[in-house]
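Data file: upload.cif. Format and content: mmCIF, C-alpha atoms.
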data_my_file
#
loop_
_atom_site.label_atom_id
_atom_site.label_comp_id
_atom_site.auth_asym_id
_atom_site.auth_seq_id
_atom_site.Cartn_x
_atom_site.Cartn_y
_atom_site.Cartn_z
CA MET A 1 -44.21 -18.98 19.45
CA VAL A 2 -44.49 -15.31 18.44
CA ALA A 3 -42.91 -14.15 21.69
CA VAL A 4 -39.97 -16.52 21.35
CA CYS A 5 -39.33 -15.54 17.72
CA LEU A 6 -39.52 -11.81 18.52
CA ALA A 7 -37.14 -12.25 21.45
CA LEU A 8 -34.68 -14.14 19.27
CA GLY A 9 -34.85 -11.41 16.64
CA ALA A 10 -34.35 -8.67 19.24
CA VAL A 11 -31.22 -10.16 20.79
CA SER A 12 -29.67 -10.97 17.40
CA ALA A 13 -28.92 -7.31 16.62
CA GLY A 14 -25.80 -7.18 18.76
CA LEU A 15 -24.63 -10.76 18.29
CA SER A 16 -22.35 -12.48 15.84
CA THR A 17 -23.61 -15.49 13.89
CA LEU A 18 -21.80 -17.88 16.25
CA HIS A 19 -23.27 -16.28 19.36
CA LEU A 20 -26.72 -16.26 17.78
CA SER A 21 -26.39 -20.01 17.25
CA PHE A 22 -25.77 -20.54 20.97
CA VAL A 23 -28.77 -18.35 21.88
CA ALA A 24 -31.08 -20.28 19.53
CA LEU A 25 -29.79 -23.59 20.87
CA GLY A 26 -30.31 -22.38 24.43
CA ILE A 27 -33.90 -21.34 23.73
CA GLY A 28 -34.56 -24.70 22.09
CA LEU A 29 -33.12 -26.60 25.06
CA ALA A 30 -35.11 -24.45 27.50
CA LEU A 31 -38.28 -25.12 25.53
CA ALA A 32 -37.58 -28.86 25.50
CA GLY A 33 -36.84 -28.87 29.24
CA GLY A 34 -39.98 -26.88 30.07
CA THR A 35 -42.20 -29.09 27.91
CA TYR A 36 -40.83 -32.25 29.53
CA THR A 37 -41.22 -30.83 33.05
CA LEU A 38 -44.82 -29.78 32.50
CA PHE A 39 -45.71 -33.17 31.05
CA SER A 40 -43.92 -35.29 33.65
CA ALA A 41 -44.87 -33.24 36.70
CA GLY A 42 -48.35 -31.98 35.87
CA GLY A 43 -49.55 -34.14 33.00
CA LEU A 44 -49.78 -31.05 30.77
CA TRP A 45 -48.91 -31.67 27.12
CA LEU A 46 -47.65 -28.77 25.01
CA ASN A 47 -47.01 -28.81 21.26
CA PHE A 48 -43.20 -29.01 20.90
CA THR A 49 -42.79 -29.44 17.13
CA PHE A 50 -44.10 -26.11 15.88
CA PRO A 51 -42.23 -23.90 18.40
CA VAL A 52 -38.97 -25.67 17.52
CA LEU A 53 -39.65 -25.22 13.80
CA SER A 54 -40.38 -21.55 14.45
CA ILE A 55 -37.04 -21.15 16.21
CA LEU A 56 -35.23 -22.92 13.37
CA LEU A 57 -36.91 -20.78 10.71
CA THR A 58 -36.26 -17.57 12.65
CA TYR A 59 -32.62 -18.53 13.20
CA SER A 60 -32.21 -19.36 9.50
CA ALA A 61 -33.74 -16.04 8.44
CA LEU A 62 -31.53 -14.10 10.84
CA THR A 63 -28.42 -15.98 9.69
CA ILE A 64 -29.17 -15.25 6.04
CA TYR A 65 -29.81 -11.60 6.85
CA ALA A 66 -26.52 -11.37 8.76
CA TYR A 67 -24.67 -12.97 5.87
CA LEU A 68 -26.14 -10.47 3.42
CA THR A 69 -25.45 -7.43 5.61
CA GLN A 70 -22.97 -7.70 8.49
CA ASP A 71 -20.91 -10.56 7.11
CA ARG A 72 -20.86 -8.91 3.71
CA ARG A 73 -19.49 -5.74 5.31
CA GLU A 74 -16.79 -7.75 7.04
CA ARG A 75 -15.88 -9.47 3.76
CA MET A 76 -15.74 -6.08 2.06
CA ILE A 77 -13.40 -4.74 4.76
CA ARG A 78 -11.17 -7.79 4.53
CA ASP A 79 -11.11 -7.66 0.73
CA ALA A 80 -10.21 -3.97 0.86
CA PHE A 81 -7.53 -4.06 3.56
CA ASP A 82 -6.17 -7.59 4.02
CA HIS A 83 -3.14 -6.87 1.84
CA TYR A 84 -2.56 -3.33 3.12
CA LEU A 85 -2.95 -3.51 6.91
CA HIS A 86 -1.72 -5.66 9.77
CA PRO A 87 -4.20 -8.53 10.44
CA ALA A 88 -4.89 -7.23 13.96
CA ILE A 89 -5.98 -3.85 12.55
CA VAL A 90 -8.18 -5.55 9.93
CA GLN A 91 -9.88 -7.52 12.70
CA SER A 92 -10.38 -4.33 14.68
CA LEU A 93 -12.04 -2.75 11.65
CA CYS A 94 -14.31 -5.77 11.28
CA ASP A 95 -15.28 -5.54 14.95
CA ASN A 96 -15.87 -1.76 14.73
CA PRO A 97 -16.89 -1.00 11.14
CA ASP A 98 -18.53 2.28 12.11
CA VAL A 99 -15.11 3.94 12.49
CA LEU A 100 -14.41 3.34 8.80
CA SER A 101 -15.38 6.08 6.38
CA LEU A 102 -14.88 5.11 2.75
CA GLY A 103 -16.67 8.10 1.28
CA GLY A 104 -13.88 10.63 1.83
CA GLU A 105 -12.99 12.89 4.73
CA ARG A 106 -10.38 15.44 5.78
CA LYS A 107 -8.07 14.23 8.55
CA ASP A 108 -4.68 14.99 10.02
CA LEU A 109 -2.55 12.10 8.78
CA THR A 110 1.09 11.20 8.29
CA VAL A 111 2.35 10.05 4.90
CA LEU A 112 5.59 8.21 4.14
CA PHE A 113 7.32 7.85 0.76
CA SER A 114 10.32 5.61 0.16
CA ASP A 115 12.45 5.05 -2.92
CA VAL A 116 15.47 2.96 -3.90
CA ARG A 117 18.51 5.07 -4.81
CA ASN A 118 20.32 4.45 -8.12
CA PHE A 119 17.76 1.83 -9.05
CA SER A 120 18.47 2.16 -12.77
CA SER A 121 22.13 1.35 -12.18
CA VAL A 122 21.22 -1.67 -10.09
CA ALA A 123 18.63 -2.90 -12.59
CA SER A 124 21.00 -2.59 -15.56
CA HIS A 125 23.31 -5.24 -14.09
CA LEU A 126 20.62 -7.83 -13.35
CA GLU A 127 18.65 -10.19 -15.54
CA PRO A 128 14.88 -9.58 -15.51
CA GLU A 129 14.24 -12.70 -13.43
CA GLN A 130 16.92 -11.67 -10.93
CA LEU A 131 15.55 -8.13 -10.76
CA VAL A 132 12.00 -9.30 -10.04
CA GLY A 133 13.18 -11.71 -7.35
CA THR A 134 15.41 -9.09 -5.77
CA MET A 135 12.69 -6.43 -5.70
CA ASN A 136 10.12 -8.87 -4.31
CA GLU A 137 12.54 -9.69 -1.51
CA TYR A 138 13.00 -6.00 -0.78
CA PHE A 139 9.27 -5.24 -0.89
CA ASN A 140 8.50 -8.17 1.40
CA LEU A 141 10.82 -6.70 4.03
CA VAL A 142 9.69 -3.08 3.83
CA THR A 143 5.99 -4.00 3.55
CA ASN A 144 6.20 -6.06 6.73
CA VAL A 145 7.85 -3.09 8.41
CA VAL A 146 4.95 -0.82 7.39
CA LEU A 147 2.30 -3.26 8.59
CA GLU A 148 4.07 -4.00 11.88
CA ASN A 149 4.10 -0.26 12.62
CA GLU A 150 0.33 -0.05 12.01
CA GLY A 151 0.67 1.75 8.70
CA LEU A 152 -1.63 1.51 5.70
CA LEU A 153 0.25 0.39 2.60
CA ASP A 154 -1.23 2.81 0.09
CA LYS A 155 0.54 1.67 -3.09
CA TYR A 156 3.80 0.62 -4.69
CA LEU A 157 5.42 3.28 -6.87
CA GLY A 158 7.85 1.50 -9.17
CA ASP A 159 10.81 0.78 -6.89
CA GLY A 160 9.24 2.74 -4.02
CA LEU A 161 6.14 2.72 -1.89
CA MET A 162 3.71 5.04 -0.17
CA ALA A 163 2.26 4.43 3.29
CA VAL A 164 -0.26 6.32 5.43
CA TYR A 165 -0.53 6.50 9.22
CA GLY A 166 -3.68 7.46 11.12
CA ALA A 167 -6.16 5.68 8.82
CA PRO A 168 -8.42 3.85 8.48
CA LEU A 169 -8.47 3.49 12.27
CA PRO A 170 -8.19 6.89 13.99
CA THR A 171 -4.81 7.36 15.65
CA PRO A 172 -3.48 10.37 17.62
CA VAL A 173 -1.27 12.53 15.42
CA THR A 174 1.66 12.14 17.81
CA ASP A 175 1.46 8.35 17.51
CA GLN A 176 1.19 8.56 13.71
CA ALA A 177 4.39 10.56 13.47
CA VAL A 178 6.30 8.20 15.77
CA GLN A 179 5.04 5.15 13.86
CA ALA A 180 6.15 6.66 10.55
CA CYS A 181 9.60 7.54 11.90
CA GLY A 182 9.97 4.06 13.37
CA THR A 183 9.01 2.58 10.01
CA ALA A 184 11.59 4.68 8.19
CA LEU A 185 14.38 3.67 10.56
CA ALA A 186 13.43 -0.01 10.24
CA MET A 187 13.35 0.33 6.45
CA VAL A 188 16.89 1.68 6.38
CA GLU A 189 18.00 -1.16 8.63
CA ALA A 190 16.29 -3.71 6.35
CA ALA A 191 17.99 -2.19 3.31
CA THR A 192 21.34 -2.50 5.07
CA SER A 193 20.72 -6.20 5.69
CA LEU A 194 20.00 -6.73 1.99
CA ARG A 195 23.11 -5.03 0.64
CA GLU A 196 25.32 -8.11 0.75
CA SER A 197 22.60 -10.18 -0.89
CA TRP A 198 22.21 -7.66 -3.72
CA ALA A 199 25.95 -7.46 -4.24
CA ALA A 200 26.14 -11.25 -4.51
CA ARG A 201 23.60 -11.11 -7.34
CA GLY A 202 25.71 -8.78 -9.42
CA ALA A 203 24.51 -5.34 -8.32
CA THR A 204 27.38 -2.89 -8.58
CA GLN A 205 25.58 -0.22 -6.54
CA PRO A 206 24.89 -0.75 -2.81
CA LEU A 207 21.22 -0.80 -1.82
CA GLN A 208 20.30 2.60 -0.42
CA ILE A 209 16.87 4.09 0.12
CA GLY A 210 15.46 7.54 0.73
CA VAL A 211 12.40 8.21 2.89
CA GLY A 212 10.26 11.33 3.22
CA ILE A 213 7.71 11.86 6.02
CA ASN A 214 5.11 14.61 6.34
CA THR A 215 2.18 15.23 8.68
CA GLY A 216 -0.80 17.45 7.90
CA PRO A 217 -4.42 17.67 6.73
CA MET A 218 -5.21 15.31 3.85
CA ILE A 219 -8.26 13.96 2.06
CA ILE A 220 -8.65 10.19 2.46
CA GLY A 221 -11.24 7.91 0.92
CA ASN A 222 -12.11 5.72 -2.04
CA MET A 223 -10.90 7.44 -5.20
CA GLY A 224 -10.95 6.26 -8.79
CA SER A 225 -13.44 5.25 -11.47
CA ASP A 226 -16.58 3.12 -11.45
CA TYR A 227 -14.46 0.10 -12.39
CA HIS A 228 -11.41 0.54 -10.19
CA PHE A 229 -10.69 2.61 -7.10
CA ASP A 230 -8.23 2.79 -4.22
CA TYR A 231 -8.51 3.84 -0.61
CA THR A 232 -5.87 6.55 -0.71
CA VAL A 233 -4.93 10.09 0.32
CA MET A 234 -4.67 13.30 -1.66
CA GLY A 235 -3.69 16.90 -1.00
CA ASP A 236 -0.78 19.33 -0.87
CA GLU A 237 0.67 17.68 2.25
CA VAL A 238 0.92 14.39 0.36
CA VAL A 239 2.89 16.10 -2.41
CA ILE A 240 5.21 17.67 0.16
CA GLY A 241 5.90 14.24 1.62
CA SER A 242 6.93 13.01 -1.82
CA ARG A 243 9.21 16.01 -2.36
CA LEU A 244 10.86 15.53 1.03
CA GLU A 245 11.91 12.06 -0.05
CA GLN A 246 13.63 13.60 -3.10
CA CYS A 247 15.53 16.05 -0.88
CA ASN A 248 17.60 13.12 0.40
CA LYS A 249 19.38 13.10 -2.96
CA ILE A 250 20.70 16.63 -2.41
CA LEU A 251 21.79 16.22 1.20
CA GLY A 252 22.95 12.60 1.04
CA THR A 253 20.60 11.53 3.84
CA SER A 254 18.25 8.57 4.20
CA ILE A 255 15.25 9.98 6.11
CA ILE A 256 13.88 13.52 5.99
CA ALA A 257 10.82 14.69 7.92
CA SER A 258 8.85 17.91 7.91
CA ALA A 259 8.61 20.41 10.76
CA ARG A 260 5.04 19.30 11.57
CA THR A 261 6.16 15.69 11.94
CA VAL A 262 9.00 16.83 14.21
CA ASP A 263 6.60 18.85 16.37
CA MET A 264 4.44 15.75 16.86
CA ALA A 265 7.23 13.23 17.52
CA ARG A 266 10.18 15.09 19.08
CA ASP A 267 9.50 13.66 22.56
CA ARG A 268 10.06 10.09 21.30
CA VAL A 269 12.26 10.57 18.22
CA ALA A 270 15.60 12.39 17.86
CA PHE A 271 15.89 14.82 14.94
CA ARG A 272 18.38 17.36 13.70
CA GLU A 273 17.48 20.30 11.53
CA LEU A 274 19.22 20.12 8.16
CA ASP A 275 18.24 22.82 5.77
CA LEU A 276 15.58 24.81 3.96
CA ALA A 277 14.29 23.84 0.52
CA HIS A 278 12.04 25.34 -2.12
CA ILE A 279 9.24 22.84 -2.77
CA LYS A 280 6.74 23.26 -5.54
CA GLY A 281 3.33 24.26 -4.20
CA THR A 282 4.64 26.05 -1.09
CA ALA A 283 5.07 29.79 -0.81
CA GLU A 284 7.89 29.71 1.73
CA PRO A 285 10.97 27.47 2.02
CA VAL A 286 10.26 24.24 3.89
CA ARG A 287 12.37 23.22 6.91
CA LEU A 288 14.02 19.83 6.55
CA PHE A 289 14.84 17.55 9.49
CA GLU A 290 16.75 14.29 9.55
CA VAL A 291 15.40 11.39 11.61
CA MET A 292 18.35 10.27 13.74
CA GLY A 293 16.79 7.52 15.89
CA LEU A 294 14.19 6.61 18.47
CA ARG A 295 14.81 8.03 21.92
CA PRO A 296 16.80 7.52 24.01
CA VAL A 297 19.84 8.01 21.78
CA SER A 298 23.48 7.74 22.79
CA ASP A 299 25.48 10.64 24.22
CA ALA A 300 27.65 10.54 21.10
CA MET A 301 24.58 10.99 18.91
CA THR A 302 23.29 13.82 21.09
CA ASN A 303 26.63 15.61 20.85
CA ARG A 304 26.81 15.06 17.09
CA ILE A 305 23.36 16.65 16.67
CA LYS A 306 24.35 19.66 18.82
CA VAL A 307 27.63 20.25 16.97
CA PHE A 308 25.86 20.13 13.60
CA GLU A 309 23.08 22.48 14.71
CA ASP A 310 25.68 24.91 16.13
CA GLY A 311 27.27 24.92 12.69
CA LEU A 312 23.88 25.46 11.07
CA ALA A 313 23.22 28.48 13.31
CA ALA A 314 26.60 30.00 12.37
CA TYR A 315 25.93 29.23 8.69
CA ARG A 316 22.61 31.08 8.78
CA ARG A 317 24.19 34.15 10.32
CA ARG A 318 26.86 33.97 7.55
CA ASP A 319 29.76 33.20 9.85
CA TRP A 320 31.32 30.86 7.30
CA ALA A 321 34.57 30.14 9.19
CA VAL A 322 32.86 29.13 12.45
CA ALA A 323 30.22 27.16 10.58
CA ARG A 324 32.84 25.27 8.60
CA ASP A 325 34.74 24.35 11.78
CA ARG A 326 31.61 23.02 13.45
CA PHE A 327 30.59 21.00 10.39
CA ALA A 328 34.14 19.65 10.16
CA ALA A 329 33.91 18.57 13.80
CA ALA A 330 30.61 16.81 13.06
CA LEU A 331 32.21 15.08 10.08
CA ASP A 332 35.16 13.96 12.19
CA SER A 333 32.79 12.30 14.65
CA ALA A 334 30.93 10.54 11.81
CA PRO A 335 33.04 10.28 8.61
CA ASP A 336 30.02 9.15 6.56
CA ASP A 337 27.91 12.17 7.54
CA ARG A 338 27.14 13.57 4.10
CA PRO A 339 25.14 16.64 5.27
CA SER A 340 28.22 17.90 7.12
CA ALA A 341 30.27 17.50 3.93
CA VAL A 342 27.57 19.33 1.96
CA PHE A 343 27.65 22.29 4.34
CA ILE A 344 31.45 22.41 4.41
CA ARG A 345 31.37 22.81 0.66
CA ARG A 346 28.67 25.47 0.93
CA CYS A 347 30.66 27.44 3.52
CA GLU A 348 33.76 27.41 1.33
CA PHE A 349 31.71 28.42 -1.71
CA PHE A 350 29.89 31.26 0.05
CA ALA A 351 33.12 32.51 1.61
CA GLU A 352 34.30 33.18 -1.96
CA VAL A 353 30.93 34.04 -3.53
CA PRO A 354 28.75 35.61 -0.81
CA PRO A 355 24.99 35.22 -1.22
CA PRO A 356 22.86 38.32 -1.89
CA ASP A 357 21.46 40.43 0.92
CA ASP A 358 17.95 39.03 0.38
CA TRP A 359 19.17 35.43 0.55
CA ASP A 360 16.42 33.14 1.87
CA LEU A 361 18.98 30.63 3.28
CA VAL A 362 18.29 28.14 0.49
CA ALA A 363 21.51 27.12 -1.28
CA PRO A 364 21.51 27.35 -5.11
CA GLU A 365 21.45 23.60 -5.61
CA ARG A 366 18.90 21.84 -7.74
CA ALA A 367 15.42 22.21 -6.30
CA ALA A 368 13.66 19.20 -4.83
CA ALA A 369 10.60 20.03 -6.91
CA GLY A 370 12.40 18.98 -10.07
CA ARG A 371 12.86 22.47 -11.50
CA PRO A 372 16.53 22.93 -12.40
CA LYS A 373 18.15 26.09 -11.09
CA ARG A 374 21.42 27.68 -11.98
CA ARG A 375 24.09 25.01 -11.56
CA THR A 376 27.02 25.90 -9.37
CA ALA A 377 29.84 24.12 -7.62
CA LEU A 378 27.28 23.20 -4.96
CA ASP A 379 25.67 20.68 -7.29
CA ALA A 380 28.66 18.33 -7.14
CA ASP A 381 28.85 15.29 -4.90
CA PRO A 382 30.60 16.42 -1.67
CA PHE A 383 32.68 13.24 -1.51
CA THR A 384 33.97 13.42 -5.08
CA ALA A 385 34.21 17.13 -5.86
CA ALA A 386 36.94 19.46 -4.73
CA PRO A 387 35.52 21.76 -2.04
CA GLY A 388 34.39 25.06 -3.44
CA GLY A 389 35.35 24.33 -7.01
#

Output the structure of this file as structure tokens.
Amino acid sequence: MVAVCLALGAVSAGLSTLHLSFVALGIGLALAGGTYTLFSAGGLWLNFTFPVLSILLTYSALTIYAYLTQDRRERMIRDAFDHYLHPAIVQSLCDNPDVLSLGGERKDLTVLFSDVRNFSSVASHLEPEQLVGTMNEYFNLVTNVVLENEGLLDKYLGDGLMAVYGAPLPTPVTDQAVQACGTALAMVEAATSLRESWAARGATQPLQIGVGINTGPMIIGNMGSDYHFDYTVMGDEVVIGSRLEQCNKILGTSIIASARTVDMARDRVAFRELDLAHIKGTAEPVRLFEVMGLRPVSDAMTNRIKVFEDGLAAYRRRDWAVARDRFAAALDSAPDDRPSAVFIRRCEFFAEVPPPDDWDLVAPERAAAGRPKRRTALDADPFTAAPGG
């Protein structure tokens, strides 16, 4: 009896409750078969009742222990992540809970911020009930996109959201960056599909979103008070990701990524360099890149990227005439390309008012960090303002 109970306890360590049930049943059946064989073949009678009761009591104790420890951990994981991760990832966490660190750690992660453009204008033309229904429809779409791309939905931020890639399950940084870029592209596509629906509900502004993506070292873990906490990320790289999303407002783009994200994902995602921007918390201007699509992209897209970057190179060496021609060619190939229109206006402005000799290549438009700078003709919308004036 002691040997059987110890054996059952030893094998239970690596088994689930269901598998432990089969093991206990198998031992019981083997005991019953052996007792019957000994009695029928050799006339030897063994006590059957107490060994079976021992197995039942041992199985019950092990089941209760598993419920209080392993099953409780699985419930905790599900409670913490069921609404923020794809079900397959939650199950993977439950199967391998040792990979989950809730106490806080520094990791290379990718963060994504998204925001609805002109949300105040949209909201002002909708009744509260309509607004809630419309936003829930939007969040359902973009949340599914995040989860399908193996992202962690960190939180909703008013009319925007924040997602993290590379946690809680460890993911190679290159895969994180590609997943985040794929999410952003799918978000823009989802917003496009909702535009007609929003317009039918009385929204006078088309649904447009901005997305910022950044990759770098961040602190991730449970953060908050004794009464409420979130599994979230913190750090300077998180702030930069948020500021990159705001840079879309200046350049008229939808998705902007950092140089680190581009370095990780350029083999599978097409980018074009856009600009430099002063971002609060960084000593040097930050390079901005637009996410153009998942590779392979069309020849027309490849040519459009090259023409724009040729113009950017001429712009940075202050060859305003050549730069303007290249940006104009890029705009001709894509009439809705707002960055090309922005740089045409800059070239015309700088041709009349040259920048100083120590110019850091950042145009005197409003900073993405929210600190207003000297307003110039560059602050106007490129599609409504007269170039250069």

Residue neighbourhood A:Tyr59, 12 Å, only C-alpha atoms, exclusion window fewer than 5 positions, as a compact mmCIF listing (two decimals) with C-alpha atoms, keeping the file's coordinate frame:
# COMPACT_ATOMS: atom_id res chain seq x y z
CA VAL A 4 -39.97 -16.52 21.35
CA CYS A 5 -39.33 -15.54 17.72
CA LEU A 6 -39.52 -11.81 18.52
CA ALA A 7 -37.14 -12.25 21.45
CA LEU A 8 -34.68 -14.14 19.27
CA GLY A 9 -34.85 -11.41 16.64
CA ALA A 10 -34.35 -8.67 19.24
CA VAL A 11 -31.22 -10.16 20.79
CA SER A 12 -29.67 -10.97 17.40
CA THR A 17 -23.61 -15.49 13.89
CA LEU A 18 -21.80 -17.88 16.25
CA HIS A 19 -23.27 -16.28 19.36
CA LEU A 20 -26.72 -16.26 17.78
CA SER A 21 -26.39 -20.01 17.25
CA PHE A 22 -25.77 -20.54 20.97
CA VAL A 23 -28.77 -18.35 21.88
CA ALA A 24 -31.08 -20.28 19.53
CA LEU A 25 -29.79 -23.59 20.87
CA ILE A 27 -33.90 -21.34 23.73
CA GLY A 28 -34.56 -24.70 22.09
CA VAL A 52 -38.97 -25.67 17.52
CA LEU A 53 -39.65 -25.22 13.80
CA SER A 54 -40.38 -21.55 14.45
CA ILE A 64 -29.17 -15.25 6.04
CA TYR A 65 -29.81 -11.60 6.85
CA ALA A 66 -26.52 -11.37 8.76

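Taking atom CA of A:Asp154 and atom CA of A:Phe113 as the two end points, the separation is 9.9 Å.
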
Leaving out A:Val286 and any residue of its chain fewer than 3 positions from it, which residues lie within 10 Å of it when counting only C-alpha atoms, given as a PyMOL selection string?
-> chain A and resi 240+244+258-259+275-279+282-283+289+362

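With all atoms listed in the file as the atoms that count, the minimum distance from A:Ala329 to the choices A:Gly293, A:Glu348, A:Tyr231, A:Asn303 is reached by A:Asn303.
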
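The residue that comes closest to A:Pro217, out of A:Val111, A:Val2, A:Leu62, A:Leu157 and on the basis of all atoms listed in the file, is A:Val111.
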
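With atom CA of A:Ala257 on one side and atom CA of A:Ala167 on the other, the separation reads 19.2 Å.
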
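Taken over the shown file, the PyMOL selection byres ((chain A and resi 302) around 12) identifies Val269, Ala270, Phe271, Arg272, Met292, Gly293, Leu294, Arg295, Pro296, Val297, Ser298, Asp299, Ala300, Met301, Asn303, Arg304, Ile305, Lys306, Val307, Phe308, Glu309, Ala330 and Ser333 of chain A.
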
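Checking A:Phe327, A:Phe119, A:Tyr36, A:Tyr315 one by one against A:Ala351, counting all atoms listed in the file, you find the shortest gap at A:Tyr315.
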